[in-house]
$ cat start-v4.cif   # mmCIF, N, CA and C atoms
data_coords
#
loop_
_atom_site.label_atom_id
_atom_site.label_comp_id
_atom_site.auth_asym_id
_atom_site.auth_seq_id
_atom_site.Cartn_x
_atom_site.Cartn_y
_atom_site.Cartn_z
N THR A 27 1.47 2.39 -0.49
CA THR A 27 1.58 1.05 -1.02
C THR A 27 2.41 0.20 -0.06
N ASP A 28 2.18 -1.11 -0.10
CA ASP A 28 2.95 -2.04 0.73
C ASP A 28 4.23 -2.46 0.04
N ASN A 29 4.16 -2.66 -1.28
CA ASN A 29 5.32 -3.08 -2.05
C ASN A 29 5.79 -1.93 -2.93
N VAL A 30 7.11 -1.87 -3.15
CA VAL A 30 7.68 -0.82 -3.98
C VAL A 30 8.11 -1.43 -5.30
N TYR A 31 7.62 -0.81 -6.39
CA TYR A 31 7.96 -1.23 -7.74
C TYR A 31 8.56 -0.04 -8.48
N SER A 32 9.43 -0.32 -9.45
CA SER A 32 9.92 0.74 -10.33
C SER A 32 8.77 1.17 -11.24
N THR A 33 8.94 2.30 -11.92
CA THR A 33 7.89 2.75 -12.83
C THR A 33 7.72 1.79 -14.00
N ASN A 34 8.70 0.92 -14.22
CA ASN A 34 8.60 -0.11 -15.25
C ASN A 34 7.87 -1.36 -14.76
N GLY A 35 7.46 -1.37 -13.50
CA GLY A 35 6.73 -2.51 -12.95
C GLY A 35 7.61 -3.59 -12.36
N LEU A 36 8.89 -3.29 -12.14
CA LEU A 36 9.81 -4.28 -11.57
C LEU A 36 9.84 -4.13 -10.05
N PHE A 37 9.81 -5.25 -9.35
CA PHE A 37 9.88 -5.30 -7.89
C PHE A 37 11.26 -4.81 -7.45
N VAL A 38 11.32 -3.85 -6.52
CA VAL A 38 12.58 -3.29 -6.04
C VAL A 38 12.95 -4.01 -4.74
N ASN A 39 13.84 -5.01 -4.86
CA ASN A 39 14.17 -5.87 -3.72
C ASN A 39 14.70 -5.11 -2.51
N ASN A 40 15.59 -4.14 -2.71
CA ASN A 40 16.20 -3.46 -1.57
C ASN A 40 15.27 -2.46 -0.89
N LYS A 41 14.05 -2.27 -1.40
CA LYS A 41 13.09 -1.37 -0.76
C LYS A 41 11.87 -2.11 -0.24
N ASN A 42 11.94 -3.44 -0.23
CA ASN A 42 10.81 -4.26 0.21
C ASN A 42 11.25 -5.27 1.25
N SER A 43 10.44 -5.43 2.28
CA SER A 43 10.68 -6.52 3.23
C SER A 43 9.70 -7.66 2.97
N GLN A 44 8.66 -7.38 2.19
CA GLN A 44 7.68 -8.41 1.86
C GLN A 44 8.16 -9.18 0.64
N LYS A 45 7.94 -10.48 0.66
CA LYS A 45 8.34 -11.32 -0.46
C LYS A 45 7.52 -10.97 -1.70
N GLU A 46 8.19 -10.98 -2.85
CA GLU A 46 7.54 -10.63 -4.11
C GLU A 46 6.40 -11.60 -4.44
N LYS A 47 5.34 -11.05 -5.04
CA LYS A 47 4.18 -11.82 -5.51
C LYS A 47 3.43 -12.53 -4.39
N THR A 48 3.40 -11.93 -3.20
CA THR A 48 2.63 -12.50 -2.10
C THR A 48 1.58 -11.48 -1.64
N VAL A 49 0.49 -11.98 -1.11
CA VAL A 49 -0.62 -11.12 -0.69
C VAL A 49 -0.35 -10.56 0.71
N THR A 50 -1.10 -9.53 1.04
CA THR A 50 -1.17 -8.99 2.39
C THR A 50 -2.59 -9.26 2.88
N ALA A 51 -2.73 -9.91 4.02
CA ALA A 51 -4.04 -10.22 4.58
C ALA A 51 -4.24 -9.38 5.84
N ILE A 52 -5.42 -8.76 5.96
CA ILE A 52 -5.73 -7.89 7.08
C ILE A 52 -6.99 -8.39 7.78
N LEU A 53 -6.85 -8.75 9.04
CA LEU A 53 -7.98 -9.18 9.86
C LEU A 53 -8.35 -8.04 10.79
N THR A 54 -9.60 -7.60 10.72
CA THR A 54 -10.07 -6.48 11.54
C THR A 54 -10.80 -7.00 12.76
N LEU A 55 -10.47 -6.43 13.90
CA LEU A 55 -11.13 -6.76 15.17
C LEU A 55 -11.67 -5.47 15.77
N GLY A 56 -12.88 -5.51 16.27
CA GLY A 56 -13.45 -4.33 16.92
C GLY A 56 -14.39 -3.58 16.01
N ASN A 57 -14.46 -2.27 16.20
CA ASN A 57 -15.39 -1.44 15.45
C ASN A 57 -15.00 -1.31 13.99
N GLU A 58 -16.01 -1.00 13.19
CA GLU A 58 -15.81 -0.87 11.75
C GLU A 58 -14.86 0.27 11.41
N ARG A 59 -14.08 0.07 10.36
CA ARG A 59 -13.23 1.11 9.80
C ARG A 59 -13.41 1.06 8.29
N VAL A 60 -13.06 2.14 7.62
CA VAL A 60 -13.19 2.21 6.17
C VAL A 60 -11.80 2.35 5.56
N LEU A 61 -11.46 1.42 4.66
CA LEU A 61 -10.19 1.43 3.95
C LEU A 61 -10.45 2.05 2.59
N LYS A 62 -9.64 3.04 2.22
CA LYS A 62 -9.85 3.77 0.97
C LYS A 62 -8.76 3.42 -0.04
N PHE A 63 -9.17 3.39 -1.32
CA PHE A 63 -8.22 3.15 -2.41
C PHE A 63 -8.27 4.31 -3.39
N GLN A 64 -7.11 4.65 -3.91
CA GLN A 64 -6.99 5.71 -4.91
C GLN A 64 -6.23 5.18 -6.11
N LYS A 65 -6.80 5.39 -7.29
CA LYS A 65 -6.09 5.05 -8.52
C LYS A 65 -5.12 6.19 -8.82
N GLN A 66 -3.86 5.85 -9.08
CA GLN A 66 -2.85 6.84 -9.42
C GLN A 66 -2.33 6.56 -10.82
N LEU A 67 -2.09 7.63 -11.57
CA LEU A 67 -1.54 7.52 -12.92
C LEU A 67 -0.10 7.99 -12.93
N LEU A 68 0.72 7.36 -13.75
CA LEU A 68 2.12 7.75 -13.92
C LEU A 68 2.17 8.83 -15.01
N VAL A 69 2.53 10.04 -14.60
CA VAL A 69 2.52 11.17 -15.53
C VAL A 69 3.90 11.84 -15.54
N ASP A 70 4.16 12.60 -16.60
CA ASP A 70 5.41 13.35 -16.70
C ASP A 70 5.30 14.64 -15.91
N ASN A 71 6.31 14.91 -15.07
CA ASN A 71 6.38 16.17 -14.34
C ASN A 71 7.06 17.18 -15.26
N GLU A 72 6.35 18.21 -15.64
CA GLU A 72 6.88 19.20 -16.58
C GLU A 72 8.08 19.95 -16.03
N GLU A 73 8.14 20.15 -14.70
CA GLU A 73 9.24 20.89 -14.09
C GLU A 73 10.54 20.09 -14.05
N THR A 74 10.44 18.81 -13.68
CA THR A 74 11.65 18.00 -13.49
C THR A 74 11.95 17.09 -14.68
N GLY A 75 10.93 16.83 -15.51
CA GLY A 75 11.12 15.90 -16.62
C GLY A 75 11.06 14.44 -16.19
N LYS A 76 10.81 14.19 -14.90
CA LYS A 76 10.71 12.83 -14.38
C LYS A 76 9.24 12.42 -14.29
N GLN A 77 9.02 11.12 -14.20
CA GLN A 77 7.66 10.63 -14.03
C GLN A 77 7.30 10.57 -12.56
N ILE A 78 6.06 10.95 -12.26
CA ILE A 78 5.57 10.95 -10.88
C ILE A 78 4.18 10.31 -10.85
N TRP A 79 3.75 9.90 -9.64
CA TRP A 79 2.41 9.35 -9.46
C TRP A 79 1.46 10.48 -9.11
N GLU A 80 0.35 10.55 -9.83
CA GLU A 80 -0.64 11.59 -9.59
C GLU A 80 -1.99 10.92 -9.35
N GLY A 81 -2.63 11.30 -8.25
CA GLY A 81 -3.92 10.71 -7.90
C GLY A 81 -5.03 11.18 -8.82
N CYS A 82 -5.86 10.27 -9.26
CA CYS A 82 -7.02 10.64 -10.08
C CYS A 82 -7.97 11.47 -9.24
N GLY A 83 -8.33 12.63 -9.72
CA GLY A 83 -9.26 13.49 -8.99
C GLY A 83 -8.59 14.27 -7.88
N GLY A 84 -7.28 14.33 -7.84
CA GLY A 84 -6.56 15.06 -6.80
C GLY A 84 -5.94 14.14 -5.78
N GLU A 85 -4.98 14.64 -5.04
CA GLU A 85 -4.20 13.83 -4.11
C GLU A 85 -5.05 13.19 -3.01
N ASP A 86 -6.11 13.86 -2.58
CA ASP A 86 -6.94 13.33 -1.50
C ASP A 86 -8.22 12.66 -1.99
N SER A 87 -8.30 12.39 -3.29
CA SER A 87 -9.50 11.79 -3.86
C SER A 87 -9.35 10.27 -3.89
N PHE A 88 -10.30 9.57 -3.28
CA PHE A 88 -10.26 8.11 -3.25
C PHE A 88 -11.43 7.58 -4.07
N CYS A 89 -11.19 6.50 -4.82
CA CYS A 89 -12.21 6.02 -5.75
C CYS A 89 -12.97 4.79 -5.27
N SER A 90 -12.43 4.05 -4.34
CA SER A 90 -13.10 2.85 -3.83
C SER A 90 -12.99 2.81 -2.32
N TYR A 91 -14.02 2.25 -1.70
CA TYR A 91 -14.06 2.16 -0.25
C TYR A 91 -14.42 0.73 0.16
N PHE A 92 -13.75 0.23 1.19
CA PHE A 92 -14.06 -1.09 1.72
C PHE A 92 -14.35 -0.94 3.20
N ARG A 93 -15.52 -1.40 3.61
CA ARG A 93 -15.88 -1.37 5.03
C ARG A 93 -15.33 -2.62 5.69
N LEU A 94 -14.45 -2.42 6.65
CA LEU A 94 -13.84 -3.53 7.38
C LEU A 94 -14.50 -3.59 8.75
N SER A 95 -15.30 -4.62 8.98
CA SER A 95 -16.01 -4.76 10.25
C SER A 95 -15.35 -5.85 11.09
N ASN A 96 -15.83 -6.02 12.30
CA ASN A 96 -15.26 -7.01 13.22
C ASN A 96 -15.27 -8.39 12.57
N GLY A 97 -14.09 -9.01 12.49
CA GLY A 97 -13.96 -10.34 11.93
C GLY A 97 -13.78 -10.38 10.43
N SER A 98 -13.79 -9.22 9.77
CA SER A 98 -13.63 -9.24 8.30
C SER A 98 -12.16 -9.47 7.93
N LEU A 99 -11.99 -10.16 6.82
CA LEU A 99 -10.65 -10.45 6.30
C LEU A 99 -10.53 -9.79 4.94
N PHE A 100 -9.58 -8.89 4.79
CA PHE A 100 -9.32 -8.20 3.52
C PHE A 100 -7.99 -8.71 2.99
N VAL A 101 -7.95 -9.08 1.71
CA VAL A 101 -6.72 -9.57 1.10
C VAL A 101 -6.33 -8.63 -0.03
N LEU A 102 -5.14 -8.05 0.09
CA LEU A 102 -4.60 -7.15 -0.94
C LEU A 102 -3.74 -7.97 -1.89
N HIS A 103 -4.14 -8.02 -3.14
CA HIS A 103 -3.40 -8.77 -4.15
C HIS A 103 -2.23 -7.91 -4.64
N PRO A 104 -1.04 -8.50 -4.83
CA PRO A 104 0.11 -7.71 -5.24
C PRO A 104 -0.05 -7.04 -6.60
N ASN A 105 -0.90 -7.56 -7.48
CA ASN A 105 -1.09 -6.93 -8.79
C ASN A 105 -1.69 -5.53 -8.71
N ASP A 106 -2.39 -5.22 -7.60
CA ASP A 106 -2.97 -3.89 -7.46
C ASP A 106 -1.91 -2.81 -7.35
N GLU A 107 -0.74 -3.16 -6.85
CA GLU A 107 0.31 -2.17 -6.63
C GLU A 107 1.33 -2.10 -7.76
N ILE A 108 1.30 -3.06 -8.68
CA ILE A 108 2.26 -3.07 -9.78
C ILE A 108 1.86 -2.04 -10.83
N PRO A 109 2.77 -1.13 -11.18
CA PRO A 109 2.46 -0.18 -12.25
C PRO A 109 2.28 -0.90 -13.58
N LYS A 110 1.10 -0.75 -14.17
CA LYS A 110 0.85 -1.38 -15.46
C LYS A 110 -0.33 -0.70 -16.14
N ILE A 111 -0.51 -0.98 -17.41
CA ILE A 111 -1.62 -0.44 -18.18
C ILE A 111 -2.85 -1.28 -17.87
N ARG A 112 -3.94 -0.61 -17.48
CA ARG A 112 -5.17 -1.30 -17.09
C ARG A 112 -6.33 -0.84 -17.96
N LYS A 113 -6.31 -1.15 -19.22
CA LYS A 113 -7.38 -0.73 -20.13
C LYS A 113 -8.74 -1.27 -19.71
N GLU A 114 -8.77 -2.46 -19.10
CA GLU A 114 -10.03 -3.06 -18.71
C GLU A 114 -10.74 -2.30 -17.60
N LEU A 115 -10.00 -1.47 -16.87
CA LEU A 115 -10.60 -0.72 -15.76
C LEU A 115 -10.91 0.73 -16.12
N ASP A 116 -10.37 1.21 -17.20
CA ASP A 116 -10.50 2.63 -17.50
C ASP A 116 -10.63 2.83 -19.00
N SER A 117 -11.86 3.02 -19.47
CA SER A 117 -12.08 3.21 -20.90
C SER A 117 -11.49 4.53 -21.39
N GLU A 118 -11.21 5.45 -20.46
CA GLU A 118 -10.62 6.73 -20.85
C GLU A 118 -9.11 6.64 -20.98
N ASN A 119 -8.52 5.52 -20.61
CA ASN A 119 -7.07 5.36 -20.61
C ASN A 119 -6.58 4.86 -21.98
N MET A 120 -6.95 5.54 -23.02
CA MET A 120 -6.56 5.12 -24.37
C MET A 120 -5.13 5.50 -24.71
N ASP A 121 -4.54 6.39 -23.90
CA ASP A 121 -3.14 6.76 -24.16
C ASP A 121 -2.17 5.79 -23.50
N CYS A 122 -2.69 4.71 -22.93
CA CYS A 122 -1.88 3.64 -22.34
C CYS A 122 -1.01 4.12 -21.18
N THR A 123 -1.57 4.94 -20.31
CA THR A 123 -0.87 5.41 -19.13
C THR A 123 -0.85 4.30 -18.08
N LYS A 124 0.30 4.13 -17.43
CA LYS A 124 0.39 3.13 -16.36
C LYS A 124 -0.33 3.65 -15.12
N SER A 125 -0.90 2.71 -14.37
CA SER A 125 -1.58 3.08 -13.14
C SER A 125 -1.24 2.08 -12.04
N ARG A 126 -1.56 2.47 -10.82
CA ARG A 126 -1.45 1.60 -9.65
C ARG A 126 -2.51 2.05 -8.66
N PHE A 127 -2.72 1.27 -7.61
CA PHE A 127 -3.69 1.63 -6.59
C PHE A 127 -2.98 1.83 -5.25
N ARG A 128 -3.26 2.96 -4.63
CA ARG A 128 -2.71 3.29 -3.31
C ARG A 128 -3.85 3.13 -2.31
N HIS A 129 -3.55 2.58 -1.16
CA HIS A 129 -4.58 2.40 -0.14
C HIS A 129 -4.18 3.12 1.14
N GLY A 130 -5.16 3.41 1.94
CA GLY A 130 -4.91 4.11 3.19
C GLY A 130 -6.05 5.06 3.47
N GLY A 131 -5.72 6.19 4.06
CA GLY A 131 -6.72 7.21 4.33
C GLY A 131 -7.81 6.75 5.27
N ILE A 132 -7.46 5.92 6.25
CA ILE A 132 -8.46 5.44 7.21
C ILE A 132 -8.81 6.59 8.14
N ASP A 133 -10.09 6.94 8.20
CA ASP A 133 -10.54 8.05 9.03
C ASP A 133 -10.45 7.69 10.51
N ALA A 134 -10.06 8.68 11.30
CA ALA A 134 -10.05 8.50 12.76
C ALA A 134 -11.50 8.44 13.24
N PHE A 135 -11.73 7.74 14.32
CA PHE A 135 -13.07 7.63 14.85
C PHE A 135 -13.51 8.95 15.45
N LYS A 136 -14.75 9.30 15.19
CA LYS A 136 -15.28 10.54 15.75
C LYS A 136 -15.77 10.33 17.18
N ALA A 137 -16.22 9.12 17.49
CA ALA A 137 -16.67 8.81 18.85
C ALA A 137 -15.49 8.32 19.67
N ARG A 138 -15.48 8.63 20.93
CA ARG A 138 -14.35 8.27 21.79
C ARG A 138 -14.40 6.83 22.28
N ASN A 139 -15.54 6.19 22.23
CA ASN A 139 -15.67 4.86 22.83
C ASN A 139 -15.57 3.74 21.79
N LYS A 140 -14.76 3.92 20.75
CA LYS A 140 -14.62 2.89 19.73
C LYS A 140 -13.16 2.45 19.64
N LEU A 141 -12.99 1.19 19.25
CA LEU A 141 -11.65 0.63 19.10
C LEU A 141 -11.66 -0.33 17.91
N SER A 142 -10.67 -0.19 17.05
CA SER A 142 -10.52 -1.09 15.92
C SER A 142 -9.05 -1.43 15.79
N VAL A 143 -8.78 -2.73 15.69
CA VAL A 143 -7.41 -3.22 15.57
C VAL A 143 -7.30 -4.03 14.28
N ALA A 144 -6.23 -3.83 13.56
CA ALA A 144 -6.01 -4.61 12.34
C ALA A 144 -4.76 -5.47 12.53
N LEU A 145 -4.93 -6.76 12.34
CA LEU A 145 -3.79 -7.67 12.35
C LEU A 145 -3.41 -7.90 10.89
N VAL A 146 -2.16 -7.57 10.55
CA VAL A 146 -1.71 -7.64 9.16
C VAL A 146 -0.72 -8.79 9.02
N PHE A 147 -0.97 -9.64 8.04
CA PHE A 147 -0.13 -10.82 7.81
C PHE A 147 0.55 -10.69 6.45
N ARG A 148 1.88 -10.86 6.45
CA ARG A 148 2.67 -10.77 5.23
C ARG A 148 3.71 -11.86 5.23
N ASN A 149 4.16 -12.24 4.05
CA ASN A 149 5.27 -13.16 3.89
C ASN A 149 6.53 -12.31 3.71
N VAL A 150 7.34 -12.23 4.76
CA VAL A 150 8.50 -11.34 4.73
C VAL A 150 9.79 -12.10 4.43
N THR A 151 10.81 -11.34 4.02
CA THR A 151 12.09 -11.93 3.63
C THR A 151 13.16 -11.78 4.70
N THR A 152 12.88 -10.98 5.73
CA THR A 152 13.88 -10.68 6.74
C THR A 152 13.29 -10.87 8.14
N VAL A 153 14.10 -11.42 9.04
CA VAL A 153 13.70 -11.55 10.44
C VAL A 153 14.74 -10.80 11.27
N LEU A 154 14.28 -9.92 12.15
CA LEU A 154 15.18 -9.15 13.00
C LEU A 154 14.83 -9.40 14.46
N THR A 155 15.85 -9.35 15.31
CA THR A 155 15.66 -9.48 16.75
C THR A 155 15.63 -8.09 17.36
N LEU A 156 14.61 -7.81 18.15
CA LEU A 156 14.46 -6.51 18.79
C LEU A 156 14.68 -6.63 20.29
N HIS A 157 15.05 -5.49 20.91
CA HIS A 157 15.15 -5.46 22.37
C HIS A 157 13.76 -5.67 22.97
N ARG A 158 13.66 -6.57 23.92
CA ARG A 158 12.38 -6.91 24.53
C ARG A 158 11.73 -5.70 25.21
N GLU A 159 12.48 -4.88 25.92
CA GLU A 159 11.91 -3.77 26.67
C GLU A 159 11.56 -2.57 25.79
N THR A 160 12.39 -2.27 24.79
CA THR A 160 12.20 -1.05 24.00
C THR A 160 11.54 -1.29 22.64
N GLY A 161 11.63 -2.52 22.13
CA GLY A 161 11.10 -2.80 20.80
C GLY A 161 11.96 -2.23 19.68
N LYS A 162 13.18 -1.80 20.02
CA LYS A 162 14.07 -1.19 19.02
C LYS A 162 15.13 -2.18 18.58
N LEU A 163 15.72 -1.90 17.40
CA LEU A 163 16.82 -2.73 16.91
C LEU A 163 18.05 -2.54 17.78
N PRO A 164 18.84 -3.61 17.99
CA PRO A 164 20.11 -3.45 18.70
C PRO A 164 21.03 -2.55 17.89
N ILE A 165 21.89 -1.79 18.59
CA ILE A 165 22.79 -0.85 17.94
C ILE A 165 23.68 -1.57 16.92
N SER A 166 24.11 -2.78 17.19
CA SER A 166 24.99 -3.50 16.27
C SER A 166 24.31 -3.72 14.91
N LEU A 167 23.02 -4.01 14.90
CA LEU A 167 22.29 -4.19 13.64
C LEU A 167 22.11 -2.88 12.91
N LEU A 168 21.90 -1.80 13.65
CA LEU A 168 21.74 -0.48 13.00
C LEU A 168 23.04 -0.07 12.34
N CYS A 169 24.18 -0.31 12.98
CA CYS A 169 25.48 0.06 12.42
C CYS A 169 25.83 -0.80 11.21
N ASP A 170 25.46 -2.09 11.23
CA ASP A 170 25.78 -2.99 10.13
C ASP A 170 25.03 -2.63 8.86
N SER A 171 23.82 -2.06 9.00
CA SER A 171 23.02 -1.76 7.81
C SER A 171 23.38 -0.43 7.18
N ALA A 172 24.17 0.37 7.82
CA ALA A 172 24.52 1.70 7.30
C ALA A 172 25.59 1.61 6.22
#

$ encode --input "start-v4.cif" --output "structure tokens"
Amino acid sequence: TDNVYSTNGLFVNNKNSQKEKTVTAILTLGNERVLKFQKQLLVDNEETGKQIWEGCGGEDSFCSYFRLSNGSLFVLHPNDEIPKIRKELDSENMDCTKSRFRHGGIDAFKARNKLSVALVFRNVTTVLTLHRETGKLPISLLCDSA
């Protein structure tokens, strides 16, 4: 997921760099890629007594696929990642289990002569200055955040 929410559906400010309630836009350039989505349910872990996210159909099971081709624009709405009851999407969810959607699982290209680049646009809350040569944070910023 791009945004982190508590199991109660509250945005966790200290675990997010993206501004709350904003979309993520992905522009694909080059060869086609497939973006996969998995519906996850919030279930009780019998061993720990805590709630955990469990993928429908198993951890590697994805329920929706989006083909991203050259020039395609995909927009991820923040509501997809918020844990909430989605009765309209799942007639079997009569026990009112919270769900969210996880995305990823983009397959590597099998052919060697393909290239696909994704430009991702987000509304962020923090701006950091990086070293031009290394692309890393300055030591002073790393020490201040600890």

$ resolve_selection --input "start-v4.cif" --expression "the PyMOL selection byres ((chain A and resi 141-148) around 8)" --output "PDB file with N, CA and C atoms, keeping the file's coordinate frame"
ATOM      1  N   SER A  43      10.440  -5.430   2.280  1.00  0.00           N
ATOM      2  CA  SER A  43      10.680  -6.520   3.230  1.00  0.00           C
ATOM      3  C   SER A  43       9.700  -7.660   2.970  1.00  0.00           C
ATOM      4  N   GLN A  44       8.660  -7.380   2.190  1.00  0.00           N
ATOM      5  CA  GLN A  44       7.680  -8.410   1.860  1.00  0.00           C
ATOM      6  C   GLN A  44       8.160  -9.180   0.640  1.00  0.00           C
ATOM      7  N   LYS A  45       7.940 -10.480   0.660  1.00  0.00           N
ATOM      8  CA  LYS A  45       8.340 -11.320  -0.460  1.00  0.00           C
ATOM      9  C   LYS A  45       7.520 -10.970  -1.700  1.00  0.00           C
ATOM     10  N   THR A  48       3.400 -11.930  -3.200  1.00  0.00           N
ATOM     11  CA  THR A  48       2.630 -12.500  -2.100  1.00  0.00           C
ATOM     12  C   THR A  48       1.580 -11.480  -1.640  1.00  0.00           C
ATOM     13  N   VAL A  49       0.490 -11.980  -1.110  1.00  0.00           N
ATOM     14  CA  VAL A  49      -0.620 -11.120  -0.690  1.00  0.00           C
ATOM     15  C   VAL A  49      -0.350 -10.560   0.710  1.00  0.00           C
ATOM     16  N   THR A  50      -1.100  -9.530   1.040  1.00  0.00           N
ATOM     17  CA  THR A  50      -1.170  -8.990   2.390  1.00  0.00           C
ATOM     18  C   THR A  50      -2.590  -9.260   2.880  1.00  0.00           C
ATOM     19  N   ALA A  51      -2.730  -9.910   4.020  1.00  0.00           N
ATOM     20  CA  ALA A  51      -4.040 -10.220   4.580  1.00  0.00           C
ATOM     21  C   ALA A  51      -4.240  -9.380   5.840  1.00  0.00           C
ATOM     22  N   ILE A  52      -5.420  -8.760   5.960  1.00  0.00           N
ATOM     23  CA  ILE A  52      -5.730  -7.890   7.080  1.00  0.00           C
ATOM     24  C   ILE A  52      -6.990  -8.390   7.780  1.00  0.00           C
ATOM     25  N   LEU A  53      -6.850  -8.750   9.040  1.00  0.00           N
ATOM     26  CA  LEU A  53      -7.980  -9.180   9.860  1.00  0.00           C
ATOM     27  C   LEU A  53      -8.350  -8.040  10.790  1.00  0.00           C
ATOM     28  N   THR A  54      -9.600  -7.600  10.720  1.00  0.00           N
ATOM     29  CA  THR A  54     -10.070  -6.480  11.540  1.00  0.00           C
ATOM     30  C   THR A  54     -10.800  -7.000  12.760  1.00  0.00           C
ATOM     31  N   LEU A  55     -10.470  -6.430  13.900  1.00  0.00           N
ATOM     32  CA  LEU A  55     -11.130  -6.760  15.170  1.00  0.00           C
ATOM     33  C   LEU A  55     -11.670  -5.470  15.770  1.00  0.00           C
ATOM     34  N   GLY A  56     -12.880  -5.510  16.270  1.00  0.00           N
ATOM     35  CA  GLY A  56     -13.450  -4.330  16.920  1.00  0.00           C
ATOM     36  C   GLY A  56     -14.390  -3.580  16.010  1.00  0.00           C
ATOM     37  N   ASN A  57     -14.460  -2.270  16.200  1.00  0.00           N
ATOM     38  CA  ASN A  57     -15.390  -1.440  15.450  1.00  0.00           C
ATOM     39  C   ASN A  57     -15.000  -1.310  13.990  1.00  0.00           C
ATOM     40  N   GLU A  58     -16.010  -1.000  13.190  1.00  0.00           N
ATOM     41  CA  GLU A  58     -15.810  -0.870  11.750  1.00  0.00           C
ATOM     42  C   GLU A  58     -14.860   0.270  11.410  1.00  0.00           C
ATOM     43  N   ARG A  59     -14.080   0.070  10.360  1.00  0.00           N
ATOM     44  CA  ARG A  59     -13.230   1.110   9.800  1.00  0.00           C
ATOM     45  C   ARG A  59     -13.410   1.060   8.290  1.00  0.00           C
ATOM     46  N   PHE A 135     -11.730   7.740  14.320  1.00  0.00           N
ATOM     47  CA  PHE A 135     -13.070   7.630  14.850  1.00  0.00           C
ATOM     48  C   PHE A 135     -13.510   8.950  15.450  1.00  0.00           C
ATOM     49  N   ALA A 137     -16.220   9.120  17.490  1.00  0.00           N
ATOM     50  CA  ALA A 137     -16.670   8.810  18.850  1.00  0.00           C
ATOM     51  C   ALA A 137     -15.490   8.320  19.670  1.00  0.00           C
ATOM     52  N   ARG A 138     -15.480   8.630  20.930  1.00  0.00           N
ATOM     53  CA  ARG A 138     -14.350   8.270  21.790  1.00  0.00           C
ATOM     54  C   ARG A 138     -14.400   6.830  22.280  1.00  0.00           C
ATOM     55  N   ASN A 139     -15.540   6.190  22.230  1.00  0.00           N
ATOM     56  CA  ASN A 139     -15.670   4.860  22.830  1.00  0.00           C
ATOM     57  C   ASN A 139     -15.570   3.740  21.790  1.00  0.00           C
ATOM     58  N   LYS A 140     -14.760   3.920  20.750  1.00  0.00           N
ATOM     59  CA  LYS A 140     -14.620   2.890  19.730  1.00  0.00           C
ATOM     60  C   LYS A 140     -13.160   2.450  19.640  1.00  0.00           C
ATOM     61  N   ASN A 149       4.160 -12.240   4.050  1.00  0.00           N
ATOM     62  CA  ASN A 149       5.270 -13.160   3.890  1.00  0.00           C
ATOM     63  C   ASN A 149       6.530 -12.310   3.710  1.00  0.00           C
ATOM     64  N   VAL A 150       7.340 -12.230   4.760  1.00  0.00           N
ATOM     65  CA  VAL A 150       8.500 -11.340   4.730  1.00  0.00           C
ATOM     66  C   VAL A 150       9.790 -12.100   4.430  1.00  0.00           C
ATOM     67  N   THR A 151      10.810 -11.340   4.020  1.00  0.00           N
ATOM     68  CA  THR A 151      12.090 -11.930   3.630  1.00  0.00           C
ATOM     69  C   THR A 151      13.160 -11.780   4.700  1.00  0.00           C
TER      70      THR A 151
END

$ atom_distance --input "start-v4.cif" --atom1 "atom C of A:Leu154" --atom2 "atom CA of A:Lys47"
22.8 Å

$ closest_residue --input "start-v4.cif" --among "A:Ser125, A:Lys41, A:Lys113, A:Phe92" --to "A:Glu80" --atoms "only C-alpha atoms"
A:Ser125

$ atom_distance --input "start-v4.cif" --atom1 "atom CA of A:Leu156" --atom2 "atom C of A:Asp28"
21.7 Å

$ residues_around --input "start-v4.cif" --residues "A:Val30" --least-positions-apart "3" --cutoff "6.5 Å" --atoms "all atoms listed in the file" --output "CSV table (one decimal) with N, CA and C atoms, in the coordinates of the input"
chain,number,residue,atom,x,y,z
A,27,THR,N,1.5,2.4,-0.5
A,27,THR,CA,1.6,1.0,-1.0
A,27,THR,C,2.4,0.2,-0.1
A,36,LEU,N,8.9,-3.3,-12.1
A,36,LEU,CA,9.8,-4.3,-11.6
A,36,LEU,C,9.8,-4.1,-10.0
A,37,PHE,N,9.8,-5.2,-9.4
A,37,PHE,CA,9.9,-5.3,-7.9
A,37,PHE,C,11.3,-4.8,-7.4
A,38,VAL,N,11.3,-3.8,-6.5
A,38,VAL,CA,12.6,-3.3,-6.0
A,38,VAL,C,13.0,-4.0,-4.7
A,41,LYS,N,14.0,-2.3,-1.4
A,41,LYS,CA,13.1,-1.4,-0.8
A,41,LYS,C,11.9,-2.1,-0.2
A,42,ASN,N,11.9,-3.4,-0.2
A,42,ASN,CA,10.8,-4.3,0.2
A,42,ASN,C,11.2,-5.3,1.2

$ resolve_selection --input "start-v4.cif" --expression "the PyMOL selection byres ((chain A and resi 33) around 8)" --output "ChimeraX atom specification"
/A:30-32,34-36,68,77,108-110,124

$ residues_around --input "start-v4.cif" --residues "A:Ile78" --least-positions-apart "6" --cutoff "7 Å" --atoms "all atoms listed in the file" --output "PyMOL selection string"
chain A and resi 67-71

$ atom_distance --input "start-v4.cif" --atom1 "atom C of A:Gly81" --atom2 "atom CA of A:Arg126"
10.3 Å
